[in-house]
Structures are given as structure tokens and as C-alpha cells.
file start-v3.csv (CSV, C-alpha atoms and all ligand atoms)
chain,number,residue,atom,x,y,z
A,1,MET,CA,-37.8,-20.1,-6.3
A,2,ASN,CA,-37.5,-20.5,-2.6
A,3,PRO,CA,-38.5,-24.0,-1.3
A,4,LEU,CA,-40.4,-22.1,1.4
A,5,GLU,CA,-43.5,-20.0,0.6
A,6,LEU,CA,-42.1,-16.6,1.6
A,7,PRO,CA,-44.4,-13.6,0.8
A,8,PHE,CA,-41.7,-11.2,1.9
A,9,SER,CA,-39.3,-12.4,-0.8
A,10,ARG,CA,-41.7,-12.0,-3.7
A,11,THR,CA,-40.3,-9.8,-6.5
A,12,ARG,CA,-40.8,-9.4,-10.2
A,13,HIS,CA,-38.7,-6.5,-11.6
A,14,ASP,CA,-35.4,-6.8,-13.4
A,15,ARG,CA,-32.7,-5.0,-11.5
A,16,ALA,CA,-30.9,-4.3,-14.9
A,17,ALA,CA,-27.5,-3.9,-13.1
A,18,HIS,CA,-25.8,-3.2,-16.5
A,19,ARG,CA,-27.5,0.3,-16.6
A,20,ARG,CA,-25.9,1.4,-13.3
A,21,SER,CA,-22.7,2.4,-15.1
A,22,GLU,CA,-24.5,4.8,-17.6
A,23,SER,CA,-23.0,8.2,-16.9
A,24,ASP,CA,-26.2,10.2,-17.3
A,25,LEU,CA,-28.5,7.6,-15.7
A,26,VAL,CA,-29.9,9.8,-12.9
A,27,ASP,CA,-30.6,12.7,-15.3
A,28,ARG,CA,-32.4,10.3,-17.7
A,29,LEU,CA,-34.5,8.9,-14.9
A,30,ARG,CA,-35.4,12.4,-13.7
A,31,ARG,CA,-36.6,13.4,-17.1
A,32,GLY,CA,-38.0,10.1,-18.3
A,33,PRO,CA,-41.7,9.9,-19.0
A,34,ASP,CA,-41.7,6.2,-18.1
A,35,THR,CA,-39.9,6.6,-14.8
A,36,ARG,CA,-41.8,5.9,-11.5
A,37,VAL,CA,-40.3,6.8,-8.2
A,38,LEU,CA,-40.6,5.5,-4.6
A,39,VAL,CA,-39.9,8.3,-2.2
A,40,LEU,CA,-38.3,7.5,1.2
A,41,HIS,CA,-37.7,9.5,4.3
A,42,ARG,CA,-36.5,8.2,7.7
A,43,LYS,CA,-36.8,4.6,6.7
A,44,ARG,CA,-40.4,5.1,5.6
A,45,LEU,CA,-42.1,5.0,2.2
A,46,ALA,CA,-44.4,7.7,0.8
A,47,VAL,CA,-47.8,6.0,0.5
A,48,VAL,CA,-51.2,6.6,-1.2
A,49,GLY,CA,-54.5,5.7,0.6
A,50,HIS,CA,-55.4,6.0,4.2
A,51,GLU,CA,-57.4,2.8,5.0
A,52,SER,CA,-55.0,0.2,3.4
A,53,PRO,CA,-52.0,2.4,2.2
A,54,ARG,CA,-49.7,1.3,-0.7
A,55,ALA,CA,-46.3,2.6,-1.6
A,56,ALA,CA,-46.7,5.5,-4.0
A,57,LEU,CA,-45.1,5.3,-7.5
A,58,LEU,CA,-44.7,8.9,-8.4
A,59,ALA,CA,-43.7,10.7,-11.7
A,60,PRO,CA,-40.2,12.2,-11.3
A,61,GLY,CA,-41.2,15.8,-12.2
A,62,GLY,CA,-41.4,18.3,-9.3
A,63,LEU,CA,-40.0,16.0,-6.6
A,64,PRO,CA,-37.8,17.5,-3.9
A,65,GLU,CA,-34.0,17.2,-3.9
A,66,GLY,CA,-32.4,14.0,-2.5
A,67,THR,CA,-30.3,11.0,-3.4
A,68,TRP,CA,-31.4,9.0,-6.5
A,69,VAL,CA,-31.1,5.2,-6.6
A,70,TYR,CA,-31.9,3.1,-9.7
A,71,LEU,CA,-34.0,0.1,-8.8
A,72,GLY,CA,-34.6,-1.5,-12.2
A,73,GLU,CA,-37.1,-2.1,-15.1
A,74,ASP,CA,-40.4,-3.8,-15.6
A,75,HIS,CA,-42.5,-3.8,-18.8
A,76,GLY,CA,-40.8,-0.8,-20.3
A,77,ALA,CA,-40.9,1.4,-17.2
A,78,SER,CA,-37.9,2.4,-15.2
A,79,TYR,CA,-38.1,2.5,-11.4
A,80,ALA,CA,-36.0,4.6,-9.0
A,81,ALA,CA,-36.0,5.5,-5.3
A,82,LEU,CA,-35.5,9.1,-4.1
A,83,LEU,CA,-34.0,9.2,-0.6
A,84,LEU,CA,-34.9,12.5,1.1
A,85,PRO,CA,-32.7,14.1,3.7
A,86,ASP,CA,-33.3,12.6,7.2
A,87,ASP,CA,-32.1,15.6,9.3
A,88,GLU,CA,-35.5,17.4,9.3
A,89,ASP,CA,-39.1,16.2,9.5
A,90,LEU,CA,-40.5,16.4,5.9
A,91,ALA,CA,-44.1,16.2,4.7
A,92,PRO,CA,-44.9,13.6,2.1
A,93,PRO,CA,-44.4,14.7,-1.5
A,94,GLU,CA,-47.2,15.9,-3.7
A,95,GLY,CA,-49.4,13.0,-4.8
A,96,ALA,CA,-48.7,11.0,-1.6
A,97,ASP,CA,-50.9,10.9,1.5
A,98,GLY,CA,-48.4,9.9,4.2
A,99,TRP,CA,-45.4,7.8,5.3
A,100,SER,CA,-45.4,4.1,6.2
A,101,GLY,CA,-42.9,1.5,7.2
A,102,LEU,CA,-42.2,-1.5,5.0
A,103,ARG,CA,-43.2,-4.1,7.7
A,104,GLU,CA,-46.6,-2.4,8.1
A,105,LEU,CA,-47.1,-2.2,4.4
A,106,THR,CA,-46.1,-5.9,4.0
A,107,SER,CA,-48.5,-7.1,6.7
A,108,GLY,CA,-51.4,-5.2,5.0
A,109,GLN,CA,-50.6,-6.9,1.7
A,110,ALA,CA,-49.6,-10.4,2.9
A,111,GLU,CA,-52.7,-12.0,1.2
A,112,ALA,CA,-52.1,-10.3,-2.2
A,113,LEU,CA,-48.4,-11.2,-2.0
A,114,ALA,CA,-49.2,-14.8,-1.2
A,115,GLU,CA,-51.6,-14.9,-4.2
A,116,ASP,CA,-48.9,-13.4,-6.5
A,117,ASP,CA,-50.9,-10.4,-7.4
A,118,ASP,CA,-48.6,-8.7,-10.1
A,119,ALA,CA,-49.0,-5.1,-9.1
A,120,THR,CA,-48.5,-5.9,-5.4
A,121,VAL,CA,-45.5,-8.1,-6.0
A,122,LEU,CA,-43.8,-5.4,-8.2
A,123,VAL,CA,-44.2,-2.6,-5.6
A,124,HIS,CA,-43.2,-4.9,-2.8
A,125,GLY,CA,-40.0,-6.1,-4.5
A,126,LEU,CA,-39.0,-2.5,-5.4
A,127,SER,CA,-39.8,-1.4,-1.8
A,128,VAL,CA,-37.6,-4.0,-0.2
A,129,GLU,CA,-34.7,-3.0,-2.5
A,130,ALA,CA,-35.3,0.7,-1.8
A,131,VAL,CA,-35.4,0.4,2.0
A,132,ALA,CA,-32.3,-1.7,2.0
A,133,LEU,CA,-30.4,0.9,0.0
A,134,ALA,CA,-31.8,3.8,2.0
A,135,GLY,CA,-30.5,2.1,5.2
A,136,TRP,CA,-27.0,1.7,3.7
A,137,HIS,CA,-26.7,5.3,2.4
A,138,ALA,CA,-27.9,6.7,5.7
A,139,THR,CA,-25.0,5.1,7.5
A,140,HIS,CA,-22.2,5.2,4.9
A,141,ARG,CA,-21.8,8.9,4.1
A,142,ARG,CA,-18.1,8.9,4.9
A,143,CYS,CA,-15.2,6.7,3.7
A,144,GLY,CA,-14.5,3.9,6.1
A,145,ARG,CA,-10.7,4.2,5.5
A,146,CYS,CA,-10.0,8.0,5.6
A,147,GLY,CA,-13.3,9.6,6.8
A,148,THR,CA,-13.8,11.9,3.8
A,149,PRO,CA,-17.4,12.4,2.7
A,150,THR,CA,-18.2,10.1,-0.2
A,151,LEU,CA,-20.0,10.7,-3.5
A,152,VAL,CA,-22.9,8.6,-4.7
A,153,VAL,CA,-22.1,6.9,-8.0
A,154,GLN,CA,-23.3,4.0,-10.2
A,155,GLY,CA,-26.9,4.9,-9.9
A,156,GLY,CA,-26.8,4.8,-6.1
A,157,TRP,CA,-25.2,1.4,-6.0
A,158,ALA,CA,-21.8,2.6,-4.8
A,159,ARG,CA,-20.2,5.5,-2.9
A,160,HIS,CA,-16.8,6.8,-4.1
A,161,CYS,CA,-14.1,8.4,-1.9
A,162,PRO,CA,-12.4,11.2,-3.8
A,163,VAL,CA,-9.3,11.1,-1.7
A,164,ASP,CA,-8.2,7.4,-2.0
A,165,GLU,CA,-10.2,6.6,-5.1
A,166,ARG,CA,-12.0,3.7,-3.3
A,167,GLU,CA,-15.5,2.6,-3.8
A,168,THR,CA,-17.8,1.0,-1.2
A,169,TYR,CA,-20.8,-1.1,-2.0
A,170,PRO,CA,-24.1,-1.8,-0.1
A,171,ARG,CA,-23.6,-4.3,2.8
A,172,THR,CA,-25.8,-7.2,3.8
A,173,ASP,CA,-25.5,-8.9,7.1
A,174,PRO,CA,-26.3,-12.7,6.9
A,175,ALA,CA,-28.3,-14.2,9.8
A,176,VAL,CA,-29.4,-17.8,10.2
A,177,ILE,CA,-32.8,-18.9,11.4
A,178,MET,CA,-33.5,-22.6,12.0
A,179,ALA,CA,-36.2,-25.1,12.7
A,180,VAL,CA,-34.4,-27.5,15.1
A,181,VAL,CA,-36.1,-31.0,15.1
A,182,ASP,CA,-35.1,-34.0,17.2
A,183,ASP,CA,-35.4,-37.7,16.3
A,184,ALA,CA,-38.8,-37.9,18.0
A,185,ASP,CA,-40.0,-35.3,15.4
A,186,ARG,CA,-40.4,-32.5,18.0
A,187,LEU,CA,-39.7,-28.9,17.2
A,188,LEU,CA,-37.6,-26.6,19.4
A,189,LEU,CA,-38.9,-23.0,19.9
A,190,GLY,CA,-37.6,-20.2,22.0
A,191,HIS,CA,-38.9,-17.2,23.9
A,192,ALA,CA,-36.9,-14.0,23.9
A,193,ALA,CA,-36.4,-11.9,27.0
A,194,THR,CA,-38.0,-8.8,25.4
A,195,TRP,CA,-41.2,-10.6,24.2
A,196,PRO,CA,-44.6,-10.6,25.9
A,197,ALA,CA,-45.6,-13.9,27.6
A,198,GLY,CA,-46.6,-16.8,25.3
A,199,ARG,CA,-44.6,-15.6,22.2
A,200,PHE,CA,-42.4,-18.4,20.8
A,201,SER,CA,-40.3,-18.6,17.6
A,202,THR,CA,-37.4,-20.5,15.9
A,203,LEU,CA,-33.9,-19.6,17.2
A,204,ALA,CA,-31.9,-17.2,15.1
A,205,GLY,CA,-28.6,-15.3,15.1
A,206,PHE,CA,-26.1,-13.4,13.1
A,207,VAL,CA,-23.2,-15.0,11.2
A,208,GLU,CA,-19.9,-14.0,12.8
A,209,ALA,CA,-16.8,-12.9,11.0
A,210,GLY,CA,-15.0,-15.9,9.5
A,211,GLU,CA,-17.8,-18.4,10.2
A,212,ALA,CA,-19.5,-20.9,7.9
A,213,LEU,CA,-23.3,-20.9,8.0
A,214,GLU,CA,-23.5,-24.5,9.3
A,215,ASP,CA,-21.3,-23.5,12.2
A,216,THR,CA,-23.4,-20.5,13.0
A,217,VAL,CA,-26.5,-22.7,13.2
A,218,ARG,CA,-24.7,-25.1,15.6
A,219,ARG,CA,-23.2,-22.3,17.7
A,220,GLU,CA,-26.5,-20.2,18.0
A,221,VAL,CA,-28.6,-23.2,18.9
A,222,ALA,CA,-26.0,-24.3,21.6
A,223,GLU,CA,-25.8,-20.7,23.0
A,224,GLU,CA,-29.5,-20.1,23.1
A,225,SER,CA,-30.8,-23.5,24.2
A,226,GLY,CA,-28.0,-25.8,25.1
A,227,VAL,CA,-29.2,-28.2,22.4
A,228,VAL,CA,-26.6,-30.0,20.3
A,229,VAL,CA,-27.0,-30.0,16.5
A,230,GLY,CA,-25.4,-32.8,14.5
A,231,THR,CA,-22.3,-32.5,12.3
A,232,GLU,CA,-23.2,-35.3,9.8
A,233,PRO,CA,-24.1,-34.5,6.2
A,234,GLY,CA,-27.9,-33.7,6.2
A,235,ASP,CA,-27.9,-32.5,9.8
A,236,VAL,CA,-28.1,-28.8,8.7
A,237,VAL,CA,-30.0,-28.3,5.5
A,238,TYR,CA,-30.7,-24.9,3.8
A,239,ARG,CA,-34.4,-24.2,3.1
A,240,GLY,CA,-34.7,-20.7,1.7
A,241,SER,CA,-34.0,-17.0,2.4
A,242,GLN,CA,-35.5,-13.6,2.5
A,243,ALA,CA,-34.1,-10.1,2.7
A,244,TRP,CA,-34.9,-8.4,6.0
A,245,PRO,CA,-33.7,-4.9,5.6
A,246,PHE,CA,-34.2,-3.7,9.2
A,247,PRO,CA,-31.6,-2.5,8.7
A,248,ALA,CA,-29.5,-4.9,6.6
A,249,SER,CA,-30.2,-8.5,7.3
A,250,LEU,CA,-30.5,-11.5,4.9
A,251,MET,CA,-32.3,-14.3,6.8
A,252,LEU,CA,-31.1,-17.7,5.7
A,253,GLY,CA,-33.5,-20.5,6.8
A,254,PHE,CA,-32.3,-24.0,7.8
A,255,ARG,CA,-33.7,-27.3,9.1
A,256,ALA,CA,-31.3,-28.6,11.8
A,257,ARG,CA,-31.2,-32.1,13.5
A,258,ALA,CA,-30.7,-32.2,17.2
A,259,ILE,CA,-28.5,-35.0,18.6
A,260,GLY,CA,-28.5,-33.7,22.1
A,261,THR,CA,-32.0,-32.6,23.3
A,262,GLU,CA,-31.4,-31.4,26.9
A,263,VAL,CA,-32.5,-27.8,27.1
A,264,ARG,CA,-30.5,-25.3,29.2
A,265,THR,CA,-31.5,-21.6,29.0
A,266,ASP,CA,-29.0,-19.4,30.7
A,267,ASP,CA,-28.8,-17.2,27.7
A,268,GLU,CA,-29.6,-13.5,28.2
A,269,GLU,CA,-31.5,-13.1,25.0
A,270,VAL,CA,-33.5,-16.4,25.0
A,271,THR,CA,-35.0,-17.0,28.4
A,272,ASP,CA,-37.1,-20.1,27.6
A,273,ALA,CA,-36.8,-22.9,25.1
A,274,ARG,CA,-39.1,-25.9,24.7
A,275,TRP,CA,-39.7,-29.0,22.6
A,276,PHE,CA,-43.1,-29.2,21.0
A,277,ALA,CA,-44.7,-32.4,19.6
A,278,ARG,CA,-47.0,-31.8,16.6
A,279,ASP,CA,-50.3,-32.0,18.4
A,280,GLU,CA,-49.0,-30.1,21.4
A,281,LEU,CA,-48.0,-27.2,19.2
A,282,TYR,CA,-51.3,-27.1,17.3
A,283,ASP,CA,-53.3,-27.2,20.6
A,284,ALA,CA,-51.2,-24.4,22.2
A,285,ALA,CA,-51.5,-22.2,19.1
A,286,ALA,CA,-55.3,-22.8,18.8
A,287,SER,CA,-55.9,-21.9,22.4
A,288,ARG,CA,-53.6,-18.9,22.0
A,289,GLU,CA,-51.6,-20.1,25.0
A,290,LEU,CA,-48.7,-20.0,22.4
A,291,LEU,CA,-48.3,-17.1,19.9
A,292,LEU,CA,-46.5,-17.9,16.7
A,293,PRO,CA,-44.6,-15.3,14.5
A,294,GLY,CA,-46.2,-13.2,11.8
A,295,ARG,CA,-47.3,-14.8,8.5
A,296,HIS,CA,-44.7,-12.9,6.4
A,297,SER,CA,-41.8,-14.1,8.5
A,298,ILE,CA,-39.4,-16.9,7.5
A,299,ALA,CA,-39.8,-18.2,11.1
A,300,ARG,CA,-43.4,-18.9,10.4
A,301,ALA,CA,-42.6,-20.6,7.1
A,302,LEU,CA,-40.1,-22.9,8.7
A,303,ILE,CA,-42.5,-23.8,11.5
A,304,GLU,CA,-45.3,-24.6,9.1
A,305,GLU,CA,-43.0,-26.5,6.8
A,306,TRP,CA,-42.2,-28.8,9.7
A,307,TYR,CA,-45.8,-29.0,10.8
A,308,GLY,CA,-46.9,-29.7,7.2
A,309,ALA,CA,-49.9,-27.3,7.2
A,310,GLU,CA,-50.9,-23.8,8.3
A,311,LEU,CA,-51.2,-23.3,12.1
A,312,PRO,CA,-53.7,-21.0,13.8
A,313,GLY,CA,-53.0,-17.7,15.4
A,314,THR,CA,-50.2,-15.1,15.2
A,315,TRP,CA,-48.5,-12.3,17.2
B,1,ZN,ZN,-11.2,7.6,1.7
call {"tool": "encode", "arguments": {"input": "start-v3.csv", "output": "C-alpha cells"}}
result
Amino acid sequence: MNPLELPFSRTRHDRAAHRRSESDLVDRLRRGPDTRVLVLHRKRLAVVGHESPRAALLAPGGLPEGTWVYLGEDHGASYAALLLPDDEDLAPPEGADGWSGLRELTSGQAEALAEDDDATVLVHGLSVEAVALAGWHATHRRCGRCGTPTLVVQGGWARHCPVDERETYPRTDPAVIMAVVDDADRLLLGHAATWPAGRFSTLAGFVEAGEALEDTVRREVAEESGVVVGTEPGDVVYRGSQAWPFPASLMLGFRARAIGTEVRTDDEEVTDARWFARDELYDAAASRELLLPGRHSIARALIEEWYGAELPGTW
């Protein structure tokens, strides 16, 4: 379990990875009376309902052609994702009412996820897995070494190049996100160039090739704010993670201790960075002078973990 309360990371199904090597897995899923299918098209999920839509779990019979991906098992049922071709605009399959993005679906279900509602957590966990795999398949149709079109194998968990007999696997891009705190117990938040006025969040950035996570934390904080994070044991502490498949990130949350607090913002991405004392942050959020990130984000969880309670308002 994550030390942070992260609704987006809630999951309950068994990925049952041992089944991916079954040679007739996709045929069995397509014929199985206990198979339920998430259908995806252009990064969106087929949904049922109009007012508060939920991802549709459809029976496999009669679905259109596409790429099948095995997601796992729960209580005797098998779950799969069907990735429809993206090159033309497609209507939702029979039994579904429309298409919706994972972020919108998650926002609509944040409360049920936070309360650990079983059915909501099951569909959410399957949806995160399916959207991550759909993003990978959409951008890895050819072999990275020789350019030959690749074949989908292992229940959708690998792609095989028939020329050089090489397999590629789904990629995840690690990114760090950190609550930077100084010795006066103030929290550092930044404002990005592309955001509306008043919006502030924790600093974050991608891990570079050949870099350890702690070094990414120190480098990103220095680049974005000029603040210096310590190098002593305990100065950078891991707090929790959540998948963020937009398109392929894994957000790794940290608490970091600042040893140099002077703020300098000449970064192109982060145009403002400020230290907030506890009361100051609460008052600014309550008056909506300051807008904090959404309740399913890891940024929000890191901020509220530092504050020690829920804070008012959101983007
Ligand atoms: Zn190849």
C-alpha cells in the first residue's frame, strides 16, 4: 500500500502474468462466457451512462476487429482490452453510449475510489492498465532496430519483430514529483508558464537517462526554482507512486529537504516559485487566491501530507 492516499493508484484485479504465454489466450478470451472487455479508441474508453459515465465492461461476442490485450482476473472472470484502429473515427460498440478519457472518468469517481468501492476500484485499475497499453501499442507498431512492422504476442504484452526475432515490451517513463520543505517547515510550490493565474503545484520532472531518482529530484528543483536540496541521508525520501499513463508516466513522489532556500525562477517552464507557511497556504487556498491541483493527483496528496489535513479548493 502506498504511504500516500492515492485514489488514482487503486486497483484490485490480479494481472495473472503467467497466462500471457498461453498460445490460444486471445481465442479463449474471445469465446469465453466469463470474459469482459474494455473497448478503447483514440485513447478513450467506451462508456455506459450519460450523466456520470462509467467504463463499459462488454461481452466479447460481436465486437469489432482490433488488438486484444489481456488485463487479468478477478473472482473467476477474465478481463481484456480491445484496442480499435485509430485511423478512422469510430462509433462506440453496441452496448456502450459514448467515449470518455480516463482523467474525466477518474475525476467523476474520485469519491467512490477514495471510499474503496469494489466495483469502481476494479474498473479503474483495469482502465489504467488498458490505457497505458493502448498508448504503447499506438506508438510501437514497427521494430525500433530494423523498422519492420511487429506482431502482437504474449496476450498483448509484447511485440515481436519477425526479421531479427526480437521482442519489445511496454515502456514506462519515470518522473519525480516532490514536496520541497525547508527547515522553517515551509513548502515550495511552483507556477508553470502554461497555467492560468493562481495555479500552484509541487515541482516535477522526468528522470533522465542514466540518472538516479534522488539526483533527478535535486536537479529538477535546482533548475525550476534555484532551491538547493540536501545530499544527506533522509534529505530525499520516497513517499509513494502512481501510474500516469498520459501517455506513459510513472509518478514517483518524494519529500525533499531544502538546504538553500533562495528562489530564482529563470526557468522557461516554471515562471514563479514561492515558499508557503502552513497558515499562509491554507488562507490562500480558502480565498481561492491560490488554486491547488486536483484531488486524484499525487501532487495534491504530497501537499496535504505535509499540511497534515485536507485543504480547500481545487483547479
Ligand atoms: Zn526488427
call {"tool": "closest_residue", "arguments": {"input": "start-v3.csv", "among": "A:Thr172, A:Ser23, A:Thr216, A:Ser201", "to": "Ile303 of chain A", "atoms": "only C-alpha atoms"}}
result
A:Ser201
call {"tool": "residues_near_ligand", "arguments": {"input": "start-v3.csv", "ligand": "ligand ZN 1 (chain B)", "cutoff": "12 Å", "atoms": "only C-alpha atoms and all ligand atoms", "output": "PDB file with C-alpha atoms, keeping the file's coordinate frame"}}
result
ATOM      1  CA  HIS A 140     -22.200   5.200   4.900  1.00  0.00           C
ATOM      2  CA  ARG A 141     -21.800   8.900   4.100  1.00  0.00           C
ATOM      3  CA  ARG A 142     -18.100   8.900   4.900  1.00  0.00           C
ATOM      4  CA  CYS A 143     -15.200   6.700   3.700  1.00  0.00           C
ATOM      5  CA  GLY A 144     -14.500   3.900   6.100  1.00  0.00           C
ATOM      6  CA  ARG A 145     -10.700   4.200   5.500  1.00  0.00           C
ATOM      7  CA  CYS A 146     -10.000   8.000   5.600  1.00  0.00           C
ATOM      8  CA  GLY A 147     -13.300   9.600   6.800  1.00  0.00           C
ATOM      9  CA  THR A 148     -13.800  11.900   3.800  1.00  0.00           C
ATOM     10  CA  PRO A 149     -17.400  12.400   2.700  1.00  0.00           C
ATOM     11  CA  THR A 150     -18.200  10.100  -0.200  1.00  0.00           C
ATOM     12  CA  LEU A 151     -20.000  10.700  -3.500  1.00  0.00           C
ATOM     13  CA  ARG A 159     -20.200   5.500  -2.900  1.00  0.00           C
ATOM     14  CA  HIS A 160     -16.800   6.800  -4.100  1.00  0.00           C
ATOM     15  CA  CYS A 161     -14.100   8.400  -1.900  1.00  0.00           C
ATOM     16  CA  PRO A 162     -12.400  11.200  -3.800  1.00  0.00           C
ATOM     17  CA  VAL A 163      -9.300  11.100  -1.700  1.00  0.00           C
ATOM     18  CA  ASP A 164      -8.200   7.400  -2.000  1.00  0.00           C
ATOM     19  CA  GLU A 165     -10.200   6.600  -5.100  1.00  0.00           C
ATOM     20  CA  ARG A 166     -12.000   3.700  -3.300  1.00  0.00           C
ATOM     21  CA  GLU A 167     -15.500   2.600  -3.800  1.00  0.00           C
ATOM     22  CA  THR A 168     -17.800   1.000  -1.200  1.00  0.00           C
TER      23      THR A 168
END
call {"tool": "closest_residue", "arguments": {"input": "start-v3.csv", "among": "A:Leu57, A:Leu292, A:Val181, A:Ala80", "to": "Thr120 of chain A", "atoms": "all atoms listed in the file"}}
result
A:Leu57
call {"tool": "atom_distance", "arguments": {"input": "start-v3.csv", "atom1": "atom CA of Ala132 of chain A", "atom2": "atom CA of Asp97 of chain A"}}
result
22.5 Å
call {"tool": "residues_around", "arguments": {"input": "start-v3.csv", "residues": "Met178 of chain A", "least_positions_apart": "2", "cutoff": "7 Å", "atoms": "only C-alpha atoms", "output": "PyMOL selection string"}}
result
chain A and resi 176+180+202-204+253-256
call {"tool": "closest_residue", "arguments": {"input": "start-v3.csv", "among": "A:Ser107, A:Ser21, A:Ser100, A:Thr11", "to": "His41 of chain A", "atoms": "all atoms listed in the file"}}
result
A:Ser100
call {"tool": "closest_residue", "arguments": {"input": "start-v3.csv", "among": "A:Ala193, A:Leu63, A:Ala134, A:Ala77", "to": "Arg42 of chain A", "atoms": "only C-alpha atoms"}}
result
A:Ala134
call {"tool": "atom_distance", "arguments": {"input": "start-v3.csv", "atom1": "atom CA of Gln242 of chain A", "atom2": "atom CA of Thr35 of chain A"}}
result
27.0 Å
call {"tool": "atom_distance", "arguments": {"input": "start-v3.csv", "atom1": "atom CA of Ala96 of chain A", "atom2": "atom CA of Ala55 of chain A"}}
result
8.7 Å
call {"tool": "closest_residue", "arguments": {"input": "start-v3.csv", "among": "A:Thr271, A:Thr106, A:Gln154, A:Ser297", "to": "His18 of chain A", "atoms": "all atoms listed in the file"}}
result
A:Gln154
call {"tool": "residues_around", "arguments": {"input": "start-v3.csv", "residues": "segment 65-76 of chain A", "least_positions_apart": "5", "cutoff": "6 Å", "atoms": "only C-alpha atoms", "output": "list in words"}}
result
His13, Asp14, Arg15, Ala16, Ala81, Leu82, Leu83, Leu84, Gly155 and Gly156 of chain A
call {"tool": "residues_around", "arguments": {"input": "start-v3.csv", "residues": "segment 278-290 of chain A", "least_positions_apart": "5", "cutoff": "10 Å", "atoms": "all atoms listed in the file", "output": "JSON, numbers by chain"}}
result
{"A": [185, 186, 187, 197, 198, 199, 200, 201, 306, 307, 308, 310, 311, 312, 313, 314, 315]}
call {"tool": "closest_residue", "arguments": {"input": "start-v3.csv", "among": "A:Gly240, A:Pro293, A:Ala212, A:Ala192", "to": "Glu268 of chain A", "atoms": "all atoms listed in the file"}}
result
A:Ala192
call {"tool": "residues_around", "arguments": {"input": "start-v3.csv", "residues": "Ala56 of chain A", "least_positions_apart": "2", "cutoff": "7 Å", "atoms": "all atoms listed in the file", "output": "list in words"}}
result
Leu38, Ala46, Val47, Val48, Arg54, Leu58 and Ala96 of chain A
call {"tool": "write_last_selection", "arguments": {"input": "start-v3.csv", "atoms": "C-alpha atoms", "output": "PDB file, keeping the file's coordinate frame"}}
result
ATOM      1  CA  LEU A  38     -40.600   5.500  -4.600  1.00  0.00           C
ATOM      2  CA  ALA A  46     -44.400   7.700   0.800  1.00  0.00           C
ATOM      3  CA  VAL A  47     -47.800   6.000   0.500  1.00  0.00           C
ATOM      4  CA  VAL A  48     -51.200   6.600  -1.200  1.00  0.00           C
ATOM      5  CA  ARG A  54     -49.700   1.300  -0.700  1.00  0.00           C
ATOM      6  CA  LEU A  58     -44.700   8.900  -8.400  1.00  0.00           C
ATOM      7  CA  ALA A  96     -48.700  11.000  -1.600  1.00  0.00           C
TER       8      ALA A  96
END
call {"tool": "residues_near_point", "arguments": {"input": "start-v3.csv", "point": "(-38.3, 14.2, 11.0)", "cutoff": "12 Å", "atoms": "only C-alpha atoms", "output": "list in words"}}
result
Leu40, His41, Arg42, Lys43, Arg44, Leu84, Pro85, Asp86, Asp87, Glu88, Asp89, Leu90, Ala91, Pro92 and Trp99 of chain A
call {"tool": "decode", "arguments": {"input": "start-v3.csv", "residues": "segment 135-140 of chain A", "atoms": "all heavy atoms", "output": "CSV table (one decimal), in the first residue's frame"}}
result
chain,number,residue,atom,x,y,z
A,135,GLY,N,-1.6,3.2,-25.3
A,135,GLY,CA,-0.7,4.2,-25.7
A,135,GLY,C,0.6,3.6,-26.3
A,135,GLY,O,1.2,4.1,-27.2
A,136,TRP,N,1.1,2.5,-25.6
A,136,TRP,CA,2.3,1.9,-26.1
A,136,TRP,C,2.1,1.2,-27.5
A,136,TRP,O,2.9,1.4,-28.4
A,136,TRP,CB,2.8,0.8,-25.1
A,136,TRP,CG,4.0,0.1,-25.5
A,136,TRP,CD1,5.3,0.6,-25.6
A,136,TRP,CD2,4.0,-1.3,-25.9
A,136,TRP,NE1,6.1,-0.4,-26.1
A,136,TRP,CE2,5.4,-1.6,-26.3
A,136,TRP,CE3,3.1,-2.3,-26.1
A,136,TRP,CZ2,5.8,-2.8,-26.8
A,136,TRP,CZ3,3.5,-3.6,-26.5
A,136,TRP,CH2,4.9,-3.8,-26.9
A,137,HIS,N,1.0,0.5,-27.7
A,137,HIS,CA,0.8,-0.2,-29.0
A,137,HIS,C,0.7,0.9,-30.1
A,137,HIS,O,1.1,0.6,-31.2
A,137,HIS,CB,-0.5,-1.0,-28.9
A,137,HIS,CG,-0.2,-2.4,-28.3
A,137,HIS,ND1,0.5,-3.4,-28.8
A,137,HIS,CD2,-0.6,-2.8,-27.1
A,137,HIS,CE1,0.5,-4.4,-28.0
A,137,HIS,NE2,-0.1,-4.1,-26.9
A,138,ALA,N,0.1,2.0,-29.8
A,138,ALA,CA,-0.2,3.0,-30.8
A,138,ALA,C,1.1,3.6,-31.4
A,138,ALA,O,1.2,4.1,-32.5
A,138,ALA,CB,-1.1,4.1,-30.3
A,139,THR,N,2.2,3.6,-30.6
A,139,THR,CA,3.4,4.2,-31.0
A,139,THR,C,4.6,3.2,-31.2
A,139,THR,O,5.7,3.6,-31.4
A,139,THR,CB,3.9,5.2,-29.9
A,139,THR,OG1,3.9,4.6,-28.6
A,139,THR,CG2,2.9,6.4,-29.9
A,140,HIS,N,4.3,1.9,-31.1
A,140,HIS,CA,5.4,0.9,-31.3
A,140,HIS,C,5.0,-0.2,-32.3
A,140,HIS,O,5.1,-1.4,-32.1
A,140,HIS,CB,5.7,0.3,-30.0
A,140,HIS,CG,6.4,1.2,-29.1
A,140,HIS,ND1,5.8,2.2,-28.4
A,140,HIS,CD2,7.8,1.3,-28.8
A,140,HIS,CE1,6.7,2.9,-27.7
A,140,HIS,NE2,7.9,2.4,-27.9
